[in-house]
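The file protein02.csv contains CSV, C-alpha atoms:
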```
chain,number,residue,atom,x,y,z
A,92,MET,CA,143.3,67.1,34.7
A,93,ASN,CA,146.5,65.8,33.3
A,94,ILE,CA,146.9,62.3,34.8
A,95,THR,CA,150.7,62.4,35.2
A,96,TRP,CA,150.4,65.7,37.1
A,97,ALA,CA,147.6,64.4,39.2
A,98,LEU,CA,149.7,61.3,40.0
A,99,LEU,CA,152.7,63.4,40.8
A,100,MET,CA,150.7,65.5,43.3
A,101,MET,CA,149.4,62.3,44.9
A,102,ALA,CA,152.9,60.8,45.0
A,103,LEU,CA,154.1,63.9,46.8
A,104,GLY,CA,151.7,63.2,49.6
A,105,GLY,CA,148.4,64.5,48.6
A,106,VAL,CA,146.6,61.4,49.7
A,107,GLY,CA,146.0,60.3,53.3
A,108,VAL,CA,145.0,56.7,53.9
A,109,GLN,CA,142.4,56.1,56.5
A,110,HIS,CA,141.5,52.7,55.1
A,111,ASN,CA,143.3,50.7,57.8
A,112,ALA,CA,142.6,47.5,55.8
A,113,HIS,CA,144.6,49.0,53.0
A,114,GLU,CA,147.4,50.7,55.0
A,115,ALA,CA,149.8,50.5,52.1
A,116,ASP,CA,151.7,53.6,51.0
A,117,VAL,CA,149.2,54.8,48.4
A,118,ALA,CA,151.6,57.5,47.3
A,119,ALA,CA,154.3,55.0,46.5
A,120,ALA,CA,151.9,52.8,44.7
A,121,LEU,CA,150.8,55.8,42.6
A,122,GLN,CA,154.5,56.4,41.8
A,123,SER,CA,154.6,52.8,40.6
A,124,ALA,CA,151.8,53.6,38.1
A,125,MET,CA,153.9,56.4,36.7
A,126,ASN,CA,157.0,54.4,36.1
A,127,PRO,CA,157.7,52.4,33.0
A,128,THR,CA,157.4,48.6,32.9
A,129,ILE,CA,160.2,46.8,34.8
A,130,ALA,CA,159.9,43.2,33.8
A,131,ALA,CA,161.1,40.6,36.3
A,132,GLN,CA,164.6,39.3,35.6
A,133,HIS,CA,165.9,35.7,35.9
A,134,THR,CA,167.8,35.4,39.1
A,135,ALA,CA,171.5,35.4,38.5
A,136,ASN,CA,173.4,32.8,40.6
A,137,PRO,CA,170.3,32.1,42.6
A,138,ASP,CA,170.7,31.4,46.3
A,139,THR,CA,169.6,27.8,46.7
A,140,SER,CA,167.9,28.7,50.0
A,141,GLN,CA,165.6,31.0,47.9
A,142,ASN,CA,165.0,28.4,45.2
A,143,THR,CA,161.7,27.2,46.6
A,144,ALA,CA,158.9,25.4,44.8
A,145,GLY,CA,157.3,28.8,44.0
A,146,GLY,CA,159.9,29.6,41.4
A,147,ASN,CA,159.6,26.5,39.2
A,148,ALA,CA,156.8,24.3,40.5
A,149,ALA,CA,154.3,22.7,38.2
A,150,ALA,CA,151.1,24.7,37.9
A,151,PRO,CA,148.7,24.3,40.7
A,152,SER,CA,145.7,23.8,38.4
A,153,PRO,CA,145.0,23.2,34.8
A,154,GLY,CA,144.1,26.5,33.0
A,155,ALA,CA,146.0,28.5,35.6
A,156,THR,CA,149.6,27.8,34.6
A,157,PRO,CA,151.7,30.9,34.4
A,158,GLY,CA,152.4,31.6,30.8
A,159,THR,CA,149.6,29.5,29.4
A,160,GLU,CA,146.6,31.8,29.8
A,161,ALA,CA,143.7,30.5,27.7
A,162,SER,CA,142.3,32.7,25.0
A,163,PRO,CA,138.8,34.2,25.5
A,164,GLY,CA,136.2,31.8,24.2
A,165,THR,CA,138.0,28.5,25.0
A,166,THR,CA,136.2,25.9,27.1
A,167,ALA,CA,138.6,26.2,30.0
A,168,ASP,CA,138.3,30.0,29.9
A,169,ALA,CA,134.5,29.9,29.7
A,170,ALA,CA,134.4,27.6,32.8
A,171,ILE,CA,136.6,29.9,34.8
A,172,HIS,CA,134.4,32.9,33.9
A,173,ALA,CA,131.1,31.3,34.7
A,174,ASP,CA,129.5,33.0,37.7
A,175,PRO,CA,129.1,30.4,40.4
A,176,GLN,CA,126.2,32.4,41.9
A,177,PRO,CA,124.1,33.8,39.1
A,178,ASP,CA,121.2,34.3,41.6
A,179,ALA,CA,123.3,36.2,44.2
A,180,PRO,CA,121.6,39.2,45.7
A,181,LYS,CA,122.6,42.8,44.9
A,182,VAL,CA,125.1,43.3,47.6
A,183,LYS,CA,125.1,46.3,49.8
A,184,GLY,CA,127.5,45.6,52.6
A,185,ILE,CA,129.8,46.8,55.4
A,186,TYR,CA,133.3,46.0,56.5
A,187,VAL,CA,133.5,44.1,59.8
A,188,THR,CA,136.8,43.4,61.7
A,189,ALA,CA,137.3,40.0,63.3
A,190,TYR,CA,137.2,41.7,66.6
A,191,SER,CA,133.8,43.1,65.9
A,192,ALA,CA,132.6,39.8,64.5
A,193,GLY,CA,133.7,38.0,67.6
A,194,GLY,CA,132.7,40.7,70.1
A,195,SER,CA,129.8,42.7,71.4
A,196,ARG,CA,129.7,45.2,68.5
A,197,MET,CA,128.3,42.5,66.3
A,198,GLU,CA,124.9,42.9,67.8
A,199,THR,CA,124.8,46.6,66.8
A,200,LEU,CA,126.0,45.7,63.3
A,201,LEU,CA,123.4,43.0,62.8
A,202,ASN,CA,120.7,45.4,64.0
A,203,LEU,CA,121.9,47.9,61.4
A,204,LEU,CA,121.4,45.3,58.6
A,205,ASP,CA,118.1,44.1,60.0
A,206,LYS,CA,116.6,47.6,59.9
A,207,THR,CA,118.1,48.8,56.6
A,208,GLU,CA,118.6,47.8,52.9
A,209,LEU,CA,122.1,46.6,53.8
A,210,ASN,CA,122.4,42.8,53.4
A,211,SER,CA,126.1,41.8,53.6
A,212,MET,CA,129.2,41.8,55.8
A,213,VAL,CA,132.8,41.6,54.7
A,214,ILE,CA,134.6,39.8,57.6
A,215,ASP,CA,138.3,39.5,58.2
A,216,ILE,CA,139.3,35.8,58.0
A,217,LYS,CA,143.0,36.5,57.4
A,218,ASP,CA,143.8,40.0,58.5
A,219,ASP,CA,146.4,42.6,57.5
A,220,ALA,CA,149.1,41.2,59.8
A,221,GLY,CA,148.6,37.7,58.3
A,222,TYR,CA,146.7,36.2,61.3
A,223,ILE,CA,144.0,33.7,60.6
A,224,THR,CA,141.3,35.1,62.8
A,225,TYR,CA,139.7,31.9,64.2
A,226,LYS,CA,140.9,28.6,65.4
A,227,THR,CA,141.2,26.0,62.7
A,228,ASP,CA,141.8,22.2,62.8
A,229,ASN,CA,143.5,22.4,59.4
A,230,ALA,CA,147.1,21.2,60.0
A,231,GLU,CA,148.5,23.1,57.0
A,232,LEU,CA,147.0,26.4,58.0
A,233,GLN,CA,148.2,25.9,61.6
A,234,GLN,CA,151.7,25.2,60.3
A,235,LEU,CA,152.0,28.2,57.9
A,236,GLY,CA,149.7,30.7,59.7
A,237,HIS,CA,149.2,31.6,63.3
A,238,PRO,CA,145.4,31.2,64.0
A,239,GLN,CA,144.0,33.5,66.7
A,240,PRO,CA,140.7,33.3,68.5
A,241,PHE,CA,139.6,36.8,67.5
A,242,ILE,CA,136.4,35.1,66.4
A,243,GLY,CA,135.8,32.7,69.3
A,244,ASP,CA,133.4,30.3,67.6
A,245,ILE,CA,133.4,30.6,63.8
A,246,ASN,CA,130.6,28.1,63.4
A,247,LYS,CA,128.4,30.0,65.8
A,248,LEU,CA,129.1,33.2,63.8
A,249,MET,CA,128.1,31.6,60.6
A,250,GLU,CA,124.8,30.4,62.1
A,251,ARG,CA,124.2,33.9,63.4
A,252,LEU,CA,124.7,35.4,60.0
A,253,LYS,CA,122.4,32.9,58.4
A,254,LYS,CA,119.7,33.6,61.0
A,255,HIS,CA,119.9,37.3,60.1
A,256,ASP,CA,119.9,36.6,56.3
A,257,VAL,CA,123.4,38.2,55.9
A,258,TYR,CA,125.3,37.5,52.7
A,259,PRO,CA,128.7,36.6,54.2
A,260,ILE,CA,132.0,37.6,52.4
A,261,ALA,CA,135.4,36.4,53.7
A,262,ARG,CA,138.1,38.9,53.4
A,263,ILE,CA,141.6,37.4,52.9
A,264,VAL,CA,144.7,39.7,52.8
A,265,VAL,CA,147.0,37.8,50.4
A,266,PHE,CA,150.5,39.0,49.9
A,267,LYS,CA,150.8,41.4,52.8
A,268,ASP,CA,151.6,38.8,55.5
A,269,SER,CA,154.1,39.5,58.2
A,270,VAL,CA,153.2,36.2,60.0
A,271,LEU,CA,154.1,34.0,57.1
A,272,ALA,CA,157.1,36.1,56.1
A,273,LYS,CA,158.5,35.7,59.6
A,274,LYS,CA,157.8,31.9,59.8
A,275,LYS,CA,159.1,31.2,56.2
A,276,PRO,CA,161.6,33.9,55.1
A,277,GLU,CA,162.1,31.9,51.9
A,278,LEU,CA,158.6,32.7,50.9
A,279,SER,CA,159.2,36.4,51.4
A,280,PHE,CA,161.6,39.1,50.2
A,281,VAL,CA,165.0,39.1,51.9
A,282,ASN,CA,167.6,41.9,52.3
A,283,GLN,CA,171.2,41.4,51.4
A,284,ASN,CA,172.0,41.0,55.1
A,285,GLY,CA,169.6,38.1,55.4
A,286,THR,CA,166.8,39.9,57.2
A,287,VAL,CA,163.2,39.9,56.0
A,288,TRP,CA,162.4,43.1,54.2
A,289,THR,CA,159.7,45.4,55.8
A,290,ASN,CA,158.1,48.5,54.5
A,291,LYS,CA,158.0,51.9,56.3
A,292,GLY,CA,155.2,50.6,58.5
A,293,GLY,CA,157.1,47.5,59.6
A,294,ASP,CA,155.0,45.2,57.5
A,295,SER,CA,156.4,42.3,55.4
A,296,PHE,CA,155.0,40.9,52.2
A,297,VAL,CA,155.3,37.4,50.8
A,298,ASN,CA,156.3,36.6,47.3
A,299,PRO,CA,153.6,36.5,44.6
A,300,TYR,CA,155.9,34.5,42.3
A,301,ASN,CA,155.8,31.7,44.9
A,302,GLN,CA,153.0,29.2,44.2
A,303,ASP,CA,153.2,27.8,47.7
A,304,VAL,CA,151.9,31.3,48.8
A,305,TRP,CA,149.1,30.9,46.2
A,306,LYS,CA,148.1,27.5,47.5
A,307,TYR,CA,148.2,28.6,51.2
A,308,ASN,CA,145.8,31.5,50.6
A,309,VAL,CA,143.5,29.5,48.4
A,310,GLU,CA,143.5,26.8,51.1
A,311,ILE,CA,142.2,29.4,53.6
A,312,ALA,CA,139.6,30.5,51.0
A,313,LYS,CA,138.5,26.9,50.6
A,314,GLU,CA,138.0,26.5,54.3
A,315,ALA,CA,136.0,29.7,54.4
A,316,ALA,CA,133.8,28.3,51.6
A,317,LYS,CA,133.2,25.1,53.6
A,318,LEU,CA,132.3,27.2,56.6
A,319,GLY,CA,129.5,28.8,54.6
A,320,PHE,CA,131.0,32.1,53.2
A,321,LYS,CA,129.4,32.8,49.8
A,322,GLU,CA,132.2,34.9,48.4
A,323,ILE,CA,136.0,35.3,48.9
A,324,GLN,CA,137.3,38.8,48.8
A,325,PHE,CA,141.1,39.0,48.2
A,326,ASP,CA,142.9,42.1,49.3
A,327,TYR,CA,146.5,43.2,48.8
A,328,VAL,CA,146.7,41.2,45.6
A,329,ARG,CA,150.0,42.9,44.6
A,330,PHE,CA,153.6,43.4,45.2
A,331,PRO,CA,154.8,45.8,47.9
A,332,GLU,CA,154.5,49.5,47.2
A,333,GLY,CA,157.5,50.9,45.3
A,334,PHE,CA,158.7,47.4,44.5
A,335,GLU,CA,160.3,48.4,41.2
A,336,LYS,CA,162.9,50.4,43.2
A,337,ARG,CA,164.1,47.2,45.0
A,338,ALA,CA,163.2,44.4,42.6
A,339,ASP,CA,166.9,43.8,41.7
A,340,THR,CA,168.4,44.1,45.1
A,341,LEU,CA,166.2,41.9,47.2
A,342,LYS,CA,166.6,38.1,47.3
A,343,TYR,CA,163.5,36.1,46.3
A,344,THR,CA,162.4,33.4,43.9
A,345,LYS,CA,161.3,34.8,40.6
A,346,SER,CA,160.7,34.0,36.9
A,347,SER,CA,160.9,35.9,33.7
A,348,ARG,CA,157.2,36.8,33.7
A,349,PRO,CA,156.2,40.4,34.3
A,350,ARG,CA,154.7,41.2,37.7
A,351,VAL,CA,151.3,42.2,36.2
A,352,GLU,CA,151.1,38.7,34.6
A,353,ILE,CA,152.0,37.0,37.9
A,354,ILE,CA,149.3,38.8,39.8
A,355,SER,CA,146.6,38.1,37.2
A,356,ASP,CA,147.8,34.4,37.1
A,357,PHE,CA,147.2,34.2,40.8
A,358,VAL,CA,143.7,35.6,40.5
A,359,LYS,CA,142.9,33.2,37.6
A,360,TYR,CA,144.2,30.3,39.6
A,361,ALA,CA,142.1,31.2,42.7
A,362,LYS,CA,139.0,31.5,40.5
A,363,SER,CA,139.6,28.1,38.9
A,364,GLU,CA,140.0,26.5,42.3
A,365,LEU,CA,137.1,28.2,44.1
A,366,GLY,CA,134.5,28.5,41.4
A,367,PRO,CA,133.7,24.7,41.5
A,368,LEU,CA,132.9,25.2,45.2
A,369,GLY,CA,130.1,27.6,44.4
A,370,VAL,CA,131.7,30.7,45.8
A,371,ARG,CA,132.4,34.0,44.1
A,372,VAL,CA,135.8,35.5,43.9
A,373,SER,CA,136.3,39.2,44.3
A,374,VAL,CA,139.4,41.5,44.5
A,375,ASP,CA,140.0,44.9,46.1
A,376,ILE,CA,142.0,47.3,44.0
A,377,PHE,CA,143.0,50.9,44.2
A,378,GLY,CA,140.3,53.1,42.7
A,379,TYR,CA,142.8,55.2,40.8
A,380,ALA,CA,143.8,52.1,38.8
A,381,ALA,CA,140.8,52.7,36.6
A,382,SER,CA,142.1,56.1,35.7
A,383,VAL,CA,145.8,55.4,34.9
A,384,PRO,CA,147.9,52.9,33.0
A,385,ALA,CA,148.8,49.6,34.7
A,386,ALA,CA,150.8,49.9,37.9
A,387,GLU,CA,153.7,47.8,36.7
A,388,GLY,CA,155.7,48.2,39.9
A,389,ILE,CA,153.1,46.6,42.1
A,390,GLY,CA,151.8,44.3,39.4
A,391,GLN,CA,148.2,45.6,39.3
A,392,ASP,CA,146.5,45.9,35.9
A,393,PHE,CA,142.9,46.8,36.4
A,394,VAL,CA,141.6,45.0,33.3
A,395,LYS,CA,143.7,41.9,33.6
A,396,ILE,CA,142.5,41.4,37.2
A,397,SER,CA,138.9,42.3,36.5
A,398,LYS,CA,138.5,39.8,33.6
A,399,ASN,CA,139.4,36.9,36.0
A,400,VAL,CA,137.1,37.6,38.9
A,401,ASP,CA,133.4,37.6,39.5
A,402,VAL,CA,133.4,40.9,41.4
A,403,ILE,CA,135.8,43.8,41.3
A,404,SER,CA,135.8,46.3,44.2
A,405,PRO,CA,137.7,49.5,43.5
A,406,MET,CA,138.4,51.6,46.6
A,407,VAL,CA,137.0,55.0,45.4
A,408,TYR,CA,137.0,56.9,48.6
A,409,PRO,CA,136.8,60.6,47.7
A,410,SER,CA,139.5,61.3,50.4
A,411,HIS,CA,141.9,59.3,48.4
A,412,TYR,CA,141.9,61.6,45.4
A,413,SER,CA,143.9,64.8,45.3
A,414,THR,CA,143.2,68.2,44.0
A,415,GLY,CA,142.0,68.3,40.4
A,416,TRP,CA,140.9,64.7,40.0
A,417,PHE,CA,137.6,64.7,37.9
A,418,ASP,CA,137.8,68.5,37.8
A,419,VAL,CA,137.1,68.8,41.5
A,420,LYS,CA,139.2,71.1,43.6
A,421,ASP,CA,138.8,69.1,46.8
A,422,PRO,CA,137.4,65.6,46.0
A,423,ASP,CA,136.6,64.8,49.6
A,424,LYS,CA,134.3,67.8,49.7
A,425,ASP,CA,132.3,66.7,46.6
A,426,PRO,CA,131.6,63.0,47.0
A,427,TYR,CA,129.0,62.9,44.3
A,428,ALA,CA,131.2,64.3,41.6
A,429,THR,CA,134.2,62.2,42.7
A,430,ILE,CA,132.4,58.9,42.7
A,431,LYS,CA,130.7,59.7,39.4
A,432,GLY,CA,134.0,60.5,37.8
A,433,SER,CA,135.6,57.4,39.1
A,434,MET,CA,132.8,55.3,37.8
A,435,VAL,CA,133.0,56.9,34.3
A,436,ASP,CA,136.7,55.8,34.2
A,437,THR,CA,135.9,52.3,35.6
A,438,LEU,CA,133.2,51.7,33.0
A,439,LYS,CA,135.4,53.0,30.2
A,440,LYS,CA,138.0,50.4,31.3
A,441,LEU,CA,135.7,47.4,31.8
A,442,ASP,CA,132.8,47.8,29.3
A,443,PRO,CA,135.0,46.5,26.5
A,444,LEU,CA,135.4,43.2,28.4
A,445,GLY,CA,131.8,42.3,27.3
A,446,SER,CA,130.8,38.9,28.9
A,447,TYR,CA,134.1,39.0,30.9
A,448,LYS,CA,133.1,42.2,32.7
A,449,PRO,CA,132.7,41.4,36.4
A,450,VAL,CA,130.2,42.8,38.8
A,451,ILE,CA,131.4,46.3,39.8
A,452,ARG,CA,131.0,46.8,43.6
A,453,PRO,CA,133.0,49.8,44.9
A,454,TRP,CA,134.1,50.5,48.4
A,455,ILE,CA,132.8,53.9,49.4
A,456,GLN,CA,133.5,56.2,52.3
A,457,ASP,CA,131.7,56.3,55.6
A,458,PHE,CA,134.4,58.1,57.6
A,459,THR,CA,135.7,61.6,58.0
A,460,ALA,CA,139.2,62.3,56.5
A,461,SER,CA,140.3,65.0,59.0
A,462,TRP,CA,144.0,64.3,58.2
A,463,LEU,CA,143.5,66.1,54.9
A,464,GLY,CA,143.7,69.3,56.8
A,465,SER,CA,141.4,72.3,57.3
A,466,GLY,CA,139.6,73.4,54.2
A,467,HIS,CA,140.2,70.1,52.3
A,468,TYR,CA,137.7,67.8,54.0
A,469,ILE,CA,134.2,67.8,55.3
A,470,LYS,CA,132.6,65.7,58.0
A,471,TYR,CA,131.0,62.7,56.5
A,472,GLY,CA,127.4,61.7,57.5
A,473,LYS,CA,124.1,60.9,56.0
A,474,GLN,CA,124.2,63.3,53.1
A,475,GLN,CA,127.7,62.4,52.0
A,476,VAL,CA,127.0,58.6,52.1
A,477,GLU,CA,123.8,59.1,50.1
A,478,ASP,CA,125.5,61.4,47.6
A,479,GLN,CA,128.0,58.6,46.8
A,480,ILE,CA,125.2,56.0,46.4
A,481,ARG,CA,123.3,58.4,44.2
A,482,ALA,CA,126.3,58.8,41.9
A,483,LEU,CA,126.7,55.1,41.7
A,484,LYS,CA,123.0,54.6,40.8
A,485,GLU,CA,123.2,57.2,38.0
A,486,LYS,CA,126.0,55.1,36.4
A,487,ASN,CA,123.9,52.0,36.9
A,488,ILE,CA,126.1,50.6,39.7
A,489,ASP,CA,123.7,49.2,42.2
A,490,GLU,CA,126.1,47.3,44.6
A,491,PHE,CA,128.5,48.9,47.1
A,492,LEU,CA,130.5,48.3,50.3
A,493,LEU,CA,130.8,50.8,53.1
A,494,TRP,CA,134.2,51.3,54.8
A,495,ASN,CA,134.7,52.5,58.4
A,496,ALA,CA,137.8,51.1,60.1
A,497,ASN,CA,136.1,51.2,63.5
A,498,ASN,CA,132.9,49.7,62.2
A,499,ARG,CA,130.9,52.7,63.3
A,500,TYR,CA,128.5,53.4,60.5
A,501,THR,CA,126.3,56.5,59.9
A,502,SER,CA,122.7,56.0,61.1
A,503,GLY,CA,119.6,57.1,59.2
A,504,VAL,CA,121.1,56.6,55.7
A,505,ASP,CA,118.7,55.8,52.8
A,506,TYR,CA,120.7,53.1,51.1
A,507,GLU,CA,118.3,53.0,48.2
A,508,LYS,CA,118.9,56.7,47.5
```
Translate this structure into structure tokens?
Amino acid sequence: MNITWALLMMALGGVGVQHNAHEADVAAALQSAMNPTIAAQHTANPDTSQNTAGGNAAAPSPGATPGTEASPGTTADAAIHADPQPDAPKVKGIYVTAYSAGGSRMETLLNLLDKTELNSMVIDIKDDAGYITYKTDNAELQQLGHPQPFIGDINKLMERLKKHDVYPIARIVVFKDSVLAKKKPELSFVNQNGTVWTNKGGDSFVNPYNQDVWKYNVEIAKEAAKLGFKEIQFDYVRFPEGFEKRADTLKYTKSSRPRVEIISDFVKYAKSELGPLGVRVSVDIFGYAASVPAAEGIGQDFVKISKNVDVISPMVYPSHYSTGWFDVKDPDKDPYATIKGSMVDTLKKLDPLGSYKPVIRPWIQDFTASWLGSGHYIKYGKQQVEDQIRALKEKNIDEFLLWNANNRYTSGVDYEK
């Protein structure tokens, strides 16, 4: 199918988003992928109140300085790309909210892992609103964040995961952060009237150009590593959806570097800071990003991000592809063909990276997309989950993550299908 036409149909509303952890306007993000590059401009007559450290601060770490990306093969680059966990297991995991992790549902989820081939949990440590989901003694995190006791005893949780031999992954939502934007408007995007910008859902983002934002999120990640998490999964590693339409009207600190470079710089910085701690770094990214040119508007380039992480997790839910993708009339109704098509595109993008190619660990669908409307979706259960796993296996992808926003996963699935 013609990619531009497919993108246009998706931008016109062909995609519903059940992935509550990725509640961004997918259609707007797709529109960003269709638009030509809009490079960030120097701020004219910058408002001194916006001229924070993020706009011109010294680089947080050697090898991660914006504008000085090392060439492949250099010593610094090799160090950054070394896998800190070469003996990590083949991860087959599930998403777990902080509420589930700290509540009664955790027993059911642990039982699921105990009785199946599943071996990992991706747990919210900083959620979609920007809340740190447990109480921390870290003064900096207390100042910038708003820690909540969703997970009542984080140390007890880590002990529980270890007892059940669960590979723990900490999910950190990075640039979508209403909590920090409200506390520190100068770290966010501000309207001409002085209010903090929000998207259609009422969510605010913080500014990827600002290195204080980088440091804050990496500090959360470092604490997660000290707690015992083996991997840090960054989500919302991008500018707000449709940002190219408002880039020149909002007030925020920025530099001359393009948005795709800023996002990849952040990822590289995070990896350089976290790798020495022995934890892996992974990033969630729209599944369609493997099938289209770089989404310049939101700053996501599939290859640039992938070459700087240990694990890349494209969200390839069949329900998120519209009519015609991969020559499938209704992608949600043919999970096998949709997943296989998405992996063909993913491998085509990433195989040329050679030794820089990360582990590919897709998010797959364990929910029913009824919002697609009668005739365009099917009820997802054992067969549909297994079909997705089979498609991955046929492309030699043997790791995956299951998404269900309510953490209610299908029983009886053969995860080794």
- Message: As an exercise, work out the distance from CA of Lys183 in chain A to CA of Ile311 in chain A in Å and give it to one decimal place.
- Response: 24.3 Å
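In this model, the gap between CA of His255 in chain A and CA of Lys484 in chain A comes to 26.1 Å.
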- Message: Residues near range 451-455 of chain A, anyone? I mean within 10 Å using all atoms listed in the file, not counting same-chain ones fewer than 6 positions away, as a PyMOL selection string.
- Response: chain A and resi 181-186+373-378+397+401-409+426+430+433-434+437-438+441+476+479-480+483+487-495
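With all atoms listed in the file as the atoms that count, the residue of A:Lys359, A:Arg348, A:Lys424, A:Asp418 with the shortest distance to Glu387 in chain A is A:Arg348.
CA of Asn399 in chain A to CA of Asp356 in chain A spans 8.8 Å [interatomic distance, one decimal].
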- Message: Excluding Asp205 in chain A and its own-chain neighbours fewer than 3 positions away, which residues fall within 9 Å of it when counting only C-alpha atoms? Please give them as a PyMOL selection string.
- Response: chain A and resi 200-202+208-210+255-257
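If you measure from each of A:Asp326, A:Asn298, A:Lys206, A:Val187 to Asp505 in chain A using only C-alpha atoms, the closest one turns out to be A:Lys206.
Minimum atom-to-atom distance to Gly369 in chain A, evaluated using all atoms listed in the file, belongs to A:Ala179 out of A:Lys448, A:Pro331, A:Gly236, A:Ala179.
Of the residues under consideration (A:Ser191, A:Gln283, A:Thr289, A:Gln176), A:Ser191 shows the shortest atom-to-atom contact distance to Asn497 in chain A when counting only C-alpha atoms.
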- Item | Surrounding residues of Tyr190 in chain A excluding itself and chain neighbours under 6 positions, 10 Å, all atoms listed in the file, as an MDAnalysis selection string | chainID A and resid 196:197 214:215 224 240:243
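Considering the residues A:Ala482, A:Val400, A:Val450, A:Leu463 and counting all atoms listed in the file, Asp423 in chain A has its shortest atom-to-atom contact with A:Leu463.
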- Task: Give me the residues within 10 Å of Thr340 in chain A as a list in words, counting all atoms listed in the file and dropping any in the same chain fewer than 6 places off.
- Result: Phe280, Val281, Asn282 and Gln283 of chain A
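Between Ser502 in chain A and the candidates A:Ser347, A:Thr207, A:Gln302, A:Thr414, the tightest atom-to-atom separation, counting only C-alpha atoms, involves A:Thr207.
For Phe320 in chain A, the list of residues within 6 Å, based on all atoms listed in the file and with local chain neighbours fewer than 2 positions off taken out, reads Pro259, Ile260, Ala315, Ala316 and Glu322 of chain A.
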Grab the residues selected above and save them as an mmCIF file, keeping the file's coordinate frame with C-alpha atoms.
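Saved the output as again_1.cif:
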```
data_model
loop_
_atom_site.group_PDB
_atom_site.id
_atom_site.type_symbol
_atom_site.label_atom_id
_atom_site.label_comp_id
_atom_site.auth_asym_id
_atom_site.auth_seq_id
_atom_site.Cartn_x
_atom_site.Cartn_y
_atom_site.Cartn_z
ATOM 1 C CA PRO A 259 128.700 36.600 54.200
ATOM 2 C CA ILE A 260 132.000 37.600 52.400
ATOM 3 C CA ALA A 315 136.000 29.700 54.400
ATOM 4 C CA ALA A 316 133.800 28.300 51.600
ATOM 5 C CA GLU A 322 132.200 34.900 48.400
#
```
